[in-house]
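Inspection log for the structure reproduced underneath, given as structure tokens.
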Amino acid sequence: MSALSSLIRLRTNLGVYRVQMAEGNPITLQFIADQISSQLPGVTLTSPLSFRPYSETASPSDPLAEGTDYTTRLPNGAMLYTFVDPNSPPPGSEASKATKKTITKDGNVELQSYEQSVSGQAFRPGMLPLRSMKKHWTLQEFTEMDSAFQFKIKGGGASFCKAVKLEVNEAQSFQSYLRDRQFHQCRMGYMYGRVSEGEEVEVEFVYEPMQEADDTSFNLVETEEAEKERENVEEIANLIGLKKVGWIFGHPPREEGFIFSGEEVLTAAELQLEAADGVEDTTFVTVKVTVDAEGKAEFNAFTLSKQAMEMVAEGALELMAEPGFCKVNETFTAIVEGKGAKKIDNAFWLQNVAIKQGEGQFVSWFPKVNRDGSIQTHAALGSQLSKSGKKGFTFEDCMSDFQALLYLTKFFPMSDVSNIIEGIKKKKIEDGYKIMISSMAGVDGAY
């Protein structure tokens with residue numbers, strides 16, 4: 001079967017790339033690879049193309065196979081997923097890497113970028129001319145193609161998430177760390193817990209990954225050590241029976257009306273897309289923490305609208321210097337209150353979520369990982385285990401601490417940590433593990 005011209009989107013770790021599929025060819029893995037190579041010079045794929053998003057720890061569950069015709073499975077605008085080399089040119093800049101020789105009116109030969117060569121003919125900025133996509137177009141086809149790049153901006157509406165119940169000790173610890181720095185530094189963490197039948201998120205613990213932060217933003221550290229730690233966190237959460245249900249971030253006070261930065265909107269949307277496996281309803285929630293004019297900590301919870309998720313998935317929103325706004329990618333048209341808009345107030349996307357307080361099923365005594373001034377040591381573990389046998393606490397109770405379990409992964413293989421967690425669930429950790437942990441912590445006999 002031959003393919004009509006279509007657009008395929010590639011969601012990567014750097015953003016969303018767009019690749020035109022010329023008409024008259026079956027859309028196979030090799031054909032897609034050839035189009036990527038010719039249209040995205042300098043962009044190097046480091047993982048297989050997949051129909052489903054990559055998780056932080058897993059390989060693609062639905063990779064494309066050699067020799068298969070995917071024409072019917074890849075309609076216009078279809079999304080594929082992969083990773084690219086971090087040094088690849090980012091989306092929006094890749095076309096400028098391709099050049100061709102052009103003879104000017106005065107007879108000189110100049111190198112002209114691909115964007116320059118088609119700028120006057122392109123269907124939309126950054127796209128091919130219509131005839132380069134397909135020789136003949138009907139009015140309906142043209143209208144459908146054009147409408148795919150238009151967004152009529154709507155208000156946030158009601159959230160699919162009914163409420164978020166924050167574990168009181170975890171919330172207090174997060175805001176206390178920010179307060180110790182006079183709320184002069186940004187900070188983020190992932191929230192793990194469960195979702196009730198009533199679409200209410202219940203947070204059990206917060207994991208703050210390795211990060212670098214200042215007073216305006218945060219950046220996750222991308223090293224083998226950081227990646228391994230995040231993998232261990234996911235594994236521990238899964239063994240406990242929890243999952244990533246949201247994220248939390250803190251920031252210094254801002255001017256009135258400035259609620260989310262562009263970076264925070266894009267991050268929240270990306271995380272919702274990952275949690276929902278696409279542009280679908282999701283309870284994945286964002287909690288922001290700051291301080292008001294009186295110095296009191298403020299917690300607010302939100303989800304982003306599905307339209308925000310869709311626009312981020314399409315690559316229609318970009319960062320800009322003006323705080324509180326996102327720029328509309330030039331390929332797209334955004335209509336706000338009947339008028340075209342080059343930027344959009346981030347408040348448009350926000351859906352309020354009620355916040356409740358709750359007490360988790362685990363203790364939260366062990367020092368937090370990746371915090372300045374918070375050191376996880378054998379001595380700290382010993383101090384924690386010394387509570388065993390006192391005030392009704394058992395050895396298993398003392399070890400039912402996410403941070404302590406994460407600390408164990410530095411010294412025990414995950415198979416052993418899995419057995420320890422199973423023992424915590426059954427209220428009976430094997431004596432052999434108790435002896436090893438107690439010996440490591442310097443509190444022999446604590447079990």
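Just remember, in the structure tokens the first chain shown is A, the second B, etc., residues are 1-based per chain, and ligands are 1-based in the order shown.
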Non-local contacts of Val312 (chain A) (10 Å; only C-alpha atoms; under 6 positions in same chain excluded) as a PyMOL selection string:
chain A and resi 15-16+265-270+273+279+306+318
Backbone DSSP call of helix (DSSP H, G or I) for region 340-443 of chain A, listed as a ChimeraX atom specification:
/A:346-349,378-385,395-399,402-408,414-425,431-441
Emit the selected residues as a compact mmCIF listing (two decimals), in the first residue's frame, including N, CA and C atoms.
```
# COMPACT_ATOMS: atom_id res chain seq x y z
N ASN A 346 0.43 31.57 31.06
CA ASN A 346 0.42 30.20 31.59
C ASN A 346 -0.77 29.92 32.50
N ALA A 347 -1.40 30.96 33.02
CA ALA A 347 -2.56 30.76 33.89
C ALA A 347 -3.73 30.12 33.13
N PHE A 348 -3.73 30.25 31.79
CA PHE A 348 -4.81 29.65 30.99
C PHE A 348 -4.90 28.14 31.20
N TRP A 349 -3.76 27.50 31.44
CA TRP A 349 -3.73 26.04 31.47
C TRP A 349 -4.10 25.45 32.82
N HIS A 378 25.79 5.40 58.12
CA HIS A 378 25.51 4.23 58.94
C HIS A 378 25.05 4.66 60.33
N ALA A 379 25.67 5.73 60.84
CA ALA A 379 25.31 6.21 62.18
C ALA A 379 23.86 6.67 62.23
N ALA A 380 23.41 7.34 61.14
CA ALA A 380 22.01 7.78 61.09
C ALA A 380 21.08 6.58 61.06
N LEU A 381 21.49 5.53 60.34
CA LEU A 381 20.68 4.32 60.31
C LEU A 381 20.66 3.67 61.70
N GLY A 382 21.81 3.70 62.38
CA GLY A 382 21.87 3.15 63.73
C GLY A 382 20.96 3.89 64.68
N SER A 383 20.94 5.21 64.56
CA SER A 383 20.06 6.02 65.41
C SER A 383 18.61 5.65 65.17
N GLN A 384 18.27 5.39 63.92
CA GLN A 384 16.90 5.02 63.59
C GLN A 384 16.55 3.65 64.16
N LEU A 385 17.46 2.70 64.00
CA LEU A 385 17.20 1.34 64.48
C LEU A 385 17.17 1.26 66.00
N PHE A 395 11.56 -3.55 64.56
CA PHE A 395 12.63 -3.39 63.56
C PHE A 395 12.01 -3.08 62.20
N GLU A 396 10.93 -3.79 61.88
CA GLU A 396 10.26 -3.58 60.60
C GLU A 396 9.69 -2.17 60.49
N ASP A 397 9.14 -1.66 61.59
CA ASP A 397 8.63 -0.29 61.59
C ASP A 397 9.75 0.70 61.29
N CYS A 398 10.89 0.49 61.92
CA CYS A 398 12.02 1.42 61.74
C CYS A 398 12.55 1.39 60.31
N MET A 399 12.41 0.26 59.64
CA MET A 399 12.91 0.14 58.27
C MET A 399 11.85 0.50 57.23
N PHE A 402 11.21 5.15 53.32
CA PHE A 402 11.71 5.17 51.94
C PHE A 402 13.17 5.57 51.86
N GLN A 403 13.54 6.64 52.58
CA GLN A 403 14.91 7.13 52.51
C GLN A 403 15.90 6.08 53.01
N ALA A 404 15.54 5.35 54.07
CA ALA A 404 16.41 4.31 54.60
C ALA A 404 16.55 3.16 53.60
N LEU A 405 15.45 2.80 52.95
CA LEU A 405 15.50 1.74 51.95
C LEU A 405 16.36 2.14 50.76
N LEU A 406 16.24 3.40 50.36
CA LEU A 406 17.07 3.89 49.26
C LEU A 406 18.55 3.84 49.65
N TYR A 407 18.84 4.14 50.91
CA TYR A 407 20.22 4.09 51.40
C TYR A 407 20.76 2.66 51.32
N LEU A 408 19.93 1.68 51.59
CA LEU A 408 20.37 0.29 51.54
C LEU A 408 20.80 -0.12 50.14
N MET A 414 19.54 -5.12 44.63
CA MET A 414 18.11 -4.86 44.68
C MET A 414 17.32 -6.12 45.03
N SER A 415 17.86 -7.29 44.71
CA SER A 415 17.16 -8.53 45.08
C SER A 415 17.04 -8.65 46.59
N ASP A 416 18.10 -8.24 47.31
CA ASP A 416 18.04 -8.27 48.78
C ASP A 416 17.09 -7.21 49.32
N VAL A 417 17.15 -6.02 48.72
CA VAL A 417 16.24 -4.94 49.14
C VAL A 417 14.79 -5.37 48.93
N SER A 418 14.55 -6.08 47.83
CA SER A 418 13.21 -6.59 47.56
C SER A 418 12.76 -7.55 48.66
N ASN A 419 13.66 -8.42 49.10
CA ASN A 419 13.32 -9.36 50.18
C ASN A 419 13.07 -8.61 51.49
N ILE A 420 13.85 -7.57 51.74
CA ILE A 420 13.67 -6.77 52.96
C ILE A 420 12.30 -6.08 52.94
N ILE A 421 11.93 -5.52 51.78
CA ILE A 421 10.62 -4.87 51.66
C ILE A 421 9.50 -5.87 51.85
N GLU A 422 9.67 -7.07 51.31
CA GLU A 422 8.66 -8.11 51.49
C GLU A 422 8.52 -8.45 52.97
N GLY A 423 9.67 -8.45 53.68
CA GLY A 423 9.62 -8.71 55.12
C GLY A 423 8.91 -7.60 55.88
N ILE A 424 9.11 -6.35 55.44
CA ILE A 424 8.41 -5.21 56.06
C ILE A 424 6.90 -5.38 55.90
N LYS A 425 6.48 -5.79 54.71
CA LYS A 425 5.05 -5.98 54.45
C LYS A 425 4.46 -7.06 55.37
N ASP A 431 15.90 -12.98 59.75
CA ASP A 431 16.93 -12.67 60.75
C ASP A 431 18.28 -12.37 60.11
N GLY A 432 18.60 -13.06 59.03
CA GLY A 432 19.88 -12.82 58.36
C GLY A 432 20.02 -11.38 57.91
N TYR A 433 18.95 -10.83 57.36
CA TYR A 433 18.98 -9.43 56.92
C TYR A 433 19.04 -8.50 58.13
N LYS A 434 18.31 -8.83 59.18
CA LYS A 434 18.35 -8.00 60.38
C LYS A 434 19.78 -7.92 60.94
N ILE A 435 20.46 -9.06 60.95
CA ILE A 435 21.83 -9.09 61.47
C ILE A 435 22.75 -8.23 60.61
N MET A 436 22.63 -8.36 59.28
CA MET A 436 23.50 -7.60 58.38
C MET A 436 23.24 -6.10 58.50
N ILE A 437 21.97 -5.70 58.54
CA ILE A 437 21.63 -4.28 58.62
C ILE A 437 22.08 -3.70 59.97
N SER A 438 21.81 -4.43 61.03
CA SER A 438 22.19 -3.96 62.37
C SER A 438 23.70 -3.85 62.51
N SER A 439 24.42 -4.83 61.96
CA SER A 439 25.88 -4.80 62.01
C SER A 439 26.42 -3.60 61.24
N MET A 440 25.86 -3.35 60.07
CA MET A 440 26.27 -2.21 59.26
C MET A 440 26.02 -0.91 60.01
N ALA A 441 24.90 -0.85 60.74
CA ALA A 441 24.53 0.37 61.46
C ALA A 441 25.20 0.47 62.83
```
Tell me which protein, DNA and RNA residues are within 10 Å of Pro91 (chain A), counting only C-alpha atoms, leaving out same-chain ones fewer than 2 positions away, and put them as number ranges by chain.
A: 10-12, 14-18, 40, 43, 88-89, 93-95, 315
Mind dumping the selected residues with C-alpha atoms as a PDB file, in the first residue's frame?
```
ATOM      1  CA  LEU A  10       9.191  12.332  17.030  1.00  0.00           C
ATOM      2  CA  ARG A  11       8.986  12.911  20.777  1.00  0.00           C
ATOM      3  CA  THR A  12      12.504  12.854  22.211  1.00  0.00           C
ATOM      4  CA  LEU A  14      15.140  17.234  23.484  1.00  0.00           C
ATOM      5  CA  GLY A  15      11.565  17.924  22.382  1.00  0.00           C
ATOM      6  CA  VAL A  16       9.366  17.144  19.376  1.00  0.00           C
ATOM      7  CA  TYR A  17      10.813  16.910  15.880  1.00  0.00           C
ATOM      8  CA  ARG A  18       8.690  16.795  12.715  1.00  0.00           C
ATOM      9  CA  LEU A  40      17.162  16.213  10.386  1.00  0.00           C
ATOM     10  CA  VAL A  43      20.116  14.542  14.854  1.00  0.00           C
ATOM     11  CA  SER A  88      21.913  16.941  18.525  1.00  0.00           C
ATOM     12  CA  PRO A  89      20.460  20.252  17.296  1.00  0.00           C
ATOM     13  CA  SER A  93      16.999  24.485  14.675  1.00  0.00           C
ATOM     14  CA  GLU A  94      17.639  21.268  12.799  1.00  0.00           C
ATOM     15  CA  ALA A  95      16.494  22.561   9.396  1.00  0.00           C
ATOM     16  CA  GLY A 315       5.802  21.150  20.211  1.00  0.00           C
TER      17      GLY A 315
END
```
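The space separating CA of Tyr81 (chain A) from CA of Leu29 (chain A) comes to 12.9 Å.
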Tyr177 (chain A) surroundings by only C-alpha atoms, 10 Å radius, close-in-sequence under 6 positions cut, as a list of chain:residue names
A:Phe183, A:Gln185, A:Arg187, A:Gly250, A:Arg371, A:Asp372, A:Gly373
Taking the DSSP assignment computed from this structure's backbone, write out as a PyMOL selection string all residues of region 161-284 of chain A that belong to strand (DSSP E).
chain A and resi 163-167+187-195+200-207+211-213+218-220+243-250
Take the residues just selected and output them with N, CA and C atoms as a short mmCIF file (atom, residue, chain, number, x, y, z; two decimals), in the first residue's frame.
```
data_model
loop_
_atom_site.label_atom_id
_atom_site.label_comp_id
_atom_site.auth_asym_id
_atom_site.auth_seq_id
_atom_site.Cartn_x
_atom_site.Cartn_y
_atom_site.Cartn_z
N ALA A 163 -8.61 15.68 44.30
CA ALA A 163 -7.89 16.24 45.44
C ALA A 163 -6.55 15.54 45.57
N VAL A 164 -5.64 16.18 46.29
CA VAL A 164 -4.36 15.55 46.60
C VAL A 164 -4.18 15.60 48.11
N LYS A 165 -3.93 14.45 48.70
CA LYS A 165 -3.70 14.35 50.14
C LYS A 165 -2.20 14.26 50.37
N LEU A 166 -1.62 15.33 50.92
CA LEU A 166 -0.18 15.39 51.16
C LEU A 166 0.17 14.77 52.50
N GLU A 167 1.16 13.91 52.52
CA GLU A 167 1.66 13.36 53.78
C GLU A 167 2.26 14.51 54.56
N ARG A 187 13.43 24.37 44.08
CA ARG A 187 13.64 22.97 44.46
C ARG A 187 12.51 22.14 43.88
N MET A 188 12.79 20.90 43.49
CA MET A 188 11.72 20.03 43.00
C MET A 188 11.87 18.63 43.56
N GLY A 189 10.76 17.89 43.52
CA GLY A 189 10.77 16.50 43.94
C GLY A 189 9.62 15.75 43.28
N TYR A 190 9.76 14.45 43.20
CA TYR A 190 8.68 13.60 42.67
C TYR A 190 7.88 13.04 43.84
N MET A 191 6.58 13.03 43.70
CA MET A 191 5.70 12.51 44.75
C MET A 191 5.24 11.10 44.38
N TYR A 192 5.36 10.20 45.34
CA TYR A 192 4.95 8.81 45.12
C TYR A 192 3.82 8.46 46.08
N GLY A 193 2.88 7.69 45.57
CA GLY A 193 1.74 7.32 46.39
C GLY A 193 0.79 6.45 45.60
N ARG A 194 -0.48 6.71 45.76
CA ARG A 194 -1.51 5.91 45.10
C ARG A 194 -2.67 6.82 44.72
N VAL A 195 -3.55 6.30 43.86
CA VAL A 195 -4.75 7.04 43.46
C VAL A 195 -5.97 6.25 43.90
N GLU A 200 -8.63 10.60 43.77
CA GLU A 200 -7.92 11.42 44.75
C GLU A 200 -6.51 10.86 44.93
N VAL A 201 -5.52 11.73 44.80
CA VAL A 201 -4.13 11.32 44.93
C VAL A 201 -3.73 11.32 46.40
N GLU A 202 -3.10 10.24 46.84
CA GLU A 202 -2.60 10.15 48.21
C GLU A 202 -1.08 10.01 48.15
N VAL A 203 -0.37 11.01 48.66
CA VAL A 203 1.09 11.03 48.61
C VAL A 203 1.67 10.38 49.85
N GLU A 204 2.60 9.43 49.64
CA GLU A 204 3.27 8.77 50.77
C GLU A 204 4.67 9.34 51.02
N PHE A 205 5.43 9.58 49.96
CA PHE A 205 6.77 10.13 50.15
C PHE A 205 7.17 10.99 48.96
N VAL A 206 8.15 11.84 49.19
CA VAL A 206 8.70 12.73 48.15
C VAL A 206 10.17 12.38 47.96
N TYR A 207 10.55 12.18 46.72
CA TYR A 207 11.95 11.93 46.37
C TYR A 207 12.50 13.14 45.62
N GLN A 211 19.98 17.53 41.75
CA GLN A 211 19.61 18.71 40.97
C GLN A 211 20.50 19.88 41.29
N GLU A 212 20.55 20.79 40.35
CA GLU A 212 21.23 22.07 40.54
C GLU A 212 20.17 23.15 40.43
N ALA A 213 20.19 24.10 41.36
CA ALA A 213 19.12 25.09 41.39
C ALA A 213 19.64 26.46 41.77
N PHE A 218 15.54 25.10 38.24
CA PHE A 218 16.26 23.91 38.70
C PHE A 218 16.58 23.06 37.47
N ASN A 219 17.65 22.30 37.54
CA ASN A 219 18.02 21.38 36.48
C ASN A 219 18.44 20.06 37.10
N LEU A 220 17.87 18.97 36.60
CA LEU A 220 18.23 17.66 37.11
C LEU A 220 19.63 17.30 36.64
N LYS A 243 3.37 4.37 43.12
CA LYS A 243 3.82 4.87 41.82
C LYS A 243 3.99 6.37 41.89
N LYS A 244 4.61 6.92 40.87
CA LYS A 244 4.77 8.37 40.80
C LYS A 244 3.41 8.99 40.49
N VAL A 245 2.92 9.83 41.41
CA VAL A 245 1.57 10.39 41.27
C VAL A 245 1.58 11.90 41.05
N GLY A 246 2.76 12.51 41.10
CA GLY A 246 2.83 13.96 40.91
C GLY A 246 4.23 14.46 41.15
N TRP A 247 4.37 15.76 41.13
CA TRP A 247 5.65 16.37 41.47
C TRP A 247 5.40 17.65 42.24
N ILE A 248 6.40 18.06 42.99
CA ILE A 248 6.29 19.25 43.83
C ILE A 248 7.49 20.14 43.54
N PHE A 249 7.26 21.44 43.50
CA PHE A 249 8.38 22.36 43.34
C PHE A 249 8.16 23.59 44.20
N GLY A 250 9.27 24.17 44.63
CA GLY A 250 9.21 25.39 45.43
C GLY A 250 9.99 26.49 44.75
#
```
Atomic separation - CA of Thr82 (chain A) relative to CA of Glu66 (chain A), Å:
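Separation of CA of Glu66 (chain A) and CA of Thr82 (chain A): 15.9 Å.
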Separation of CA of Glu170 (chain A) and CA of Ala276 (chain A), in Å?
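Answer for the CA of Glu170 (chain A) to CA of Ala276 (chain A) separation: 25.0 Å.
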Non-local contacts of Asp85 (chain A) (7 Å; only C-alpha atoms; under 4 positions in same chain excluded) as number ranges by chain
A: 44-46
